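Single-structure report; data block below.
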Amino acid sequence: MKKIYTPLSTQGLSKLKAGDEVLLSGIIYTARDQAHKRLCESIKKKKKLPFELSGAVIYYCGPTKTPKGLAIGSCGPTTSSRMDAFAPLLIKNGLKAMIGKGGCSQEVCAAIKKHKAIYFLAFAGCGALLSGCVKKATAFTYADLGPEAIVKLEVEDFPLIVGIDAKGNSVYRARAPK
Amino acid sequence: MKTIKAISIRRAVADLCVKASIVLRPDVLAALKRALAREQNKRARHLLQVIIDNAACARAKSLAICQDTGMPVVFLEVGSNVKISGDLKLAVNRGVEDGYRSGCLRDSIVRDPLLRGKPGYAPAVIHIDIVPGSNLEISVLPKGFGSENKSQLKMFKPTVGIEEIKKFIIEAVRSAGPDACPPYIIGVGIGGTADYACLLAKKALLRKLTANGERRTADDPSAALGASKRLTAKLERELLRAINNLNIGPMGLGGKTTALAVHIETYPTHIAGLPVALNISCHALRSASIIL
Ligand code: SF4
């Protein structure tokens with residue numbers, strides 16, 4: 001299976017097609033609803049972001065607590081469409097990839113195409129299995145958000161399926177026209 | 001009169017929260033395996049295998065099956081000959097906190113729906129029913145919100161045809177699409193009032209999944225009527241077939257396995273109405289029960 005590494009390059013991503021399976025290794029950041037709200041507010045107020053957005057990968061995920069002896073608890077993807085309102089602004093500001101589950105809006109799809117970003121699907125509802133691909137998890141910022149805080153993850157061979165490729169093709173489009 | 005101490009309830013609830021979140025229900029696991037045996041689509045087969053592997057991994061490592069350990073929904077069936085010494089709801093909520101903490105589950109509950117704030121483990125949504133007998137049955141259903149968000153309620157006219165109701169249910173599943181972690185288990189509540197139909201739909205998820213879709217003898221009034229039971233069983237089969245023809249499939253990537261089961265619960269209703277509620281569960285349908 002094809003392996004990809006962070007930081008992701010536009011060139012490498014352009015070869016991936018919707019539906020392809022890949023294994024991702026490197027650094028990704030978790031962020032859900034409330035973290036997205038804050039990130040976008042910071043961008044709008046021209047404040048510095050807690051991490052370099054350019055080339056970054058955001059994982060729509062709020063893990064469980066970490067059991068003793070493990071790097072992280074259960075950590076599968078959450079529903080991507082809840083981040084639809086925020087994703088285009090982040091993509092415009094350099095975000096390269098998002099990992100989640102389910103479909104994204106037309107606006108997100110258009111932003112992905114325009115800025116040659118990518119959207120991946122992770123195995124939905126399989127957080128226990130995915131936990132094994134996380135080598136290290138470091139609390140990063142927004143600790144007051146509890147499970148919605150941003151956590152920096154070092155992942156190895158994290159299995160993904162390309163949901164929307166850099167050309168804007170969606171794995172769902174042909175199946176579920178709306 | 002049998003006396004049950006609040007502390008026993010607290011302990012039982014704690015254990016059930018952990019068990020439900022970590023050990024996939026055997027009937028759900030069996031249904032996933034049956035689906036894998038039937039599924040033809042290559043990717044769908046792979047994804048079903050991943051879901052089955054995830055359940056085994058969760059169990060082996062004592063990890064939550066899914067990181068969304070849900071909003072805990074607790075059903076209490078209190079026998080009328082049972083006396084509870086202590087504060088019942090407090091015991092349940094403390095039990096939830098104990099269980100979620102010791103099981104390293106997720107603190108997903110915000111104290112105020114509008115103000116939000118830092119999430120915690122409790123409170124649970126608690127449904128209490130008084131039933132004959134001297135037992136206390138506790139069921140814990142941690143409900144993930146990816147699928148809870150796809151719930152629907154429609155107040156039909158009493159003259160509506162069954163086809164309209166079927167269309168509503170199928171469309172609700174279609175609109176949930178890939179988002180709520182298919183393959184789904186579809187809970188449907190028909191009758192009662194708006195709120196009661198929603199409760200029935202949720203309760204339908206507690207029912208055991210069976211190979212041939214046969215119904216457990218329900219103790220609701222409608223079950224006494226053979227015709228009603230036969231009709232809902234037929235509806236369940238027809239809906240399951242129609243839903244599995246939507247080609248949503250595991251993770252929404254296609255295949256015949258869009259739902260593992262459709263469970264319908266009914267209740268008498270008013271001459272002027274016909275409430276129909278839908279509560280969708282993702283493949284990670286988790287619940288555990290105990291009788292004290
Ligand atoms: S919908 Fe279910 S399986 Fe999917 S993330 Fe939510 S709780 Fe987990």
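Ordering of the structure tokens sets the chain letters (A, B, ...), residue numbers begin anew at 1 in every chain, and ligands are numbered from 1 in the order given.
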Ligand 1: which residues are within 10 Å, counting only C-alpha atoms and all ligand atoms, as a VMD selection string?
-> (chain A and resid 61 to 62 74 to 79 100 to 102 123 to 127) or (chain B and resid 21 51 64 to 71 142 to 150 178 to 184 251 280 to 286)
Could you write out, as an MDAnalysis selection string, all the residues of region 2-165 of chain A that DSSP marks as strand (DSSP E or B)?
-> chainID A and resid 2:5 21:30 57:59 79 97:101 118:122 134:141 150:164
Could you please determine the separation between CA of Gly69 (chain A) and CA of Asp157 (chain A) in Å, to one decimal place?
->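 CA of Asp157 (chain A) lies at a distance of 20.4 Å from CA of Gly69 (chain A).
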Skip Lys118 (chain B) itself and residues of its chain fewer than 3 positions away, then list as a ChimeraX atom specification all residues within 9 Å of it, counting only C-alpha atoms.
-> /A:144-147 /B:109-111
Between A:Asn169, A:Ser54, A:Ser9, A:Thr66, which is the closest to chain B once you count only C-alpha atoms?
->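 Ranking A:Asn169, A:Ser54, A:Ser9, A:Thr66 by distance to chain B, first place goes to A:Thr66.
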Run DSSP on the backbone and grab whatever in region 86-277 of chain B lands in helix (DSSP H, G or I); send it over as JSON, numbers by chain.
-> {"B": [88, 89, 90, 91, 92, 93, 94, 95, 96, 97, 98, 99, 100, 101, 102, 145, 146, 147, 148, 162, 163, 164, 165, 166, 167, 168, 169, 170, 171, 172, 173, 174, 175, 176, 194, 195, 196, 197, 198, 199, 200, 201, 202, 203, 204, 205, 206, 221, 222, 223, 224, 226, 227, 228, 229, 230, 231, 232, 233, 234, 235, 236, 237, 238, 239, 240, 241, 242, 243, 244, 250, 251, 252]}
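Across A:Gly26, A:Gly12, A:Gly163, A:Gly94, the tightest approach to chain B is made by A:Gly163 when counting only C-alpha atoms.
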Near region 258-269 of chain B, within 9 Å and counting only C-alpha atoms, which residues show up once chain neighbours fewer than 4 positions away are dropped, as a ChimeraX atom specification?
-> /B:28,31-32,35,173,182-193,196-197,200-201,203-205,207,209-210,213,215,218,220-223,228-229,232-233,235-237,239-241,243-252,254,273-275,282-283
List the neighbours of Ile112 (chain A) out to 12 Å using only C-alpha atoms; skip same-chain residues closer than 5 positions along the sequence, and give me the result as a ChimeraX atom specification.
-> /A:10,13-14,84,87-98,104-107,117-120,163-170
Tell me, in Å to one decimal, how far CA of Lys45 (chain A) is from CA of Arg82 (chain A).
->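 Separation of CA of Lys45 (chain A) and CA of Arg82 (chain A): 22.2 Å.
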Within 10 Å of Ala139 (chain A), counting only C-alpha atoms, which residues qualify if same-chain residues fewer than 2 places away don't, as a list in words?
->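 After dropping sequence-adjacent residues, the list is Tyr29, Thr30, Ala137, Thr141, Tyr142, Ala143, Ala149, Ile150, Val151, Lys152 and Leu153 of chain A.
Shortest atom-to-atom contact with Val134 (chain A) among A:Lys2, A:Leu24, A:Asp33, A:Ile99: A:Leu24, counting only C-alpha atoms.
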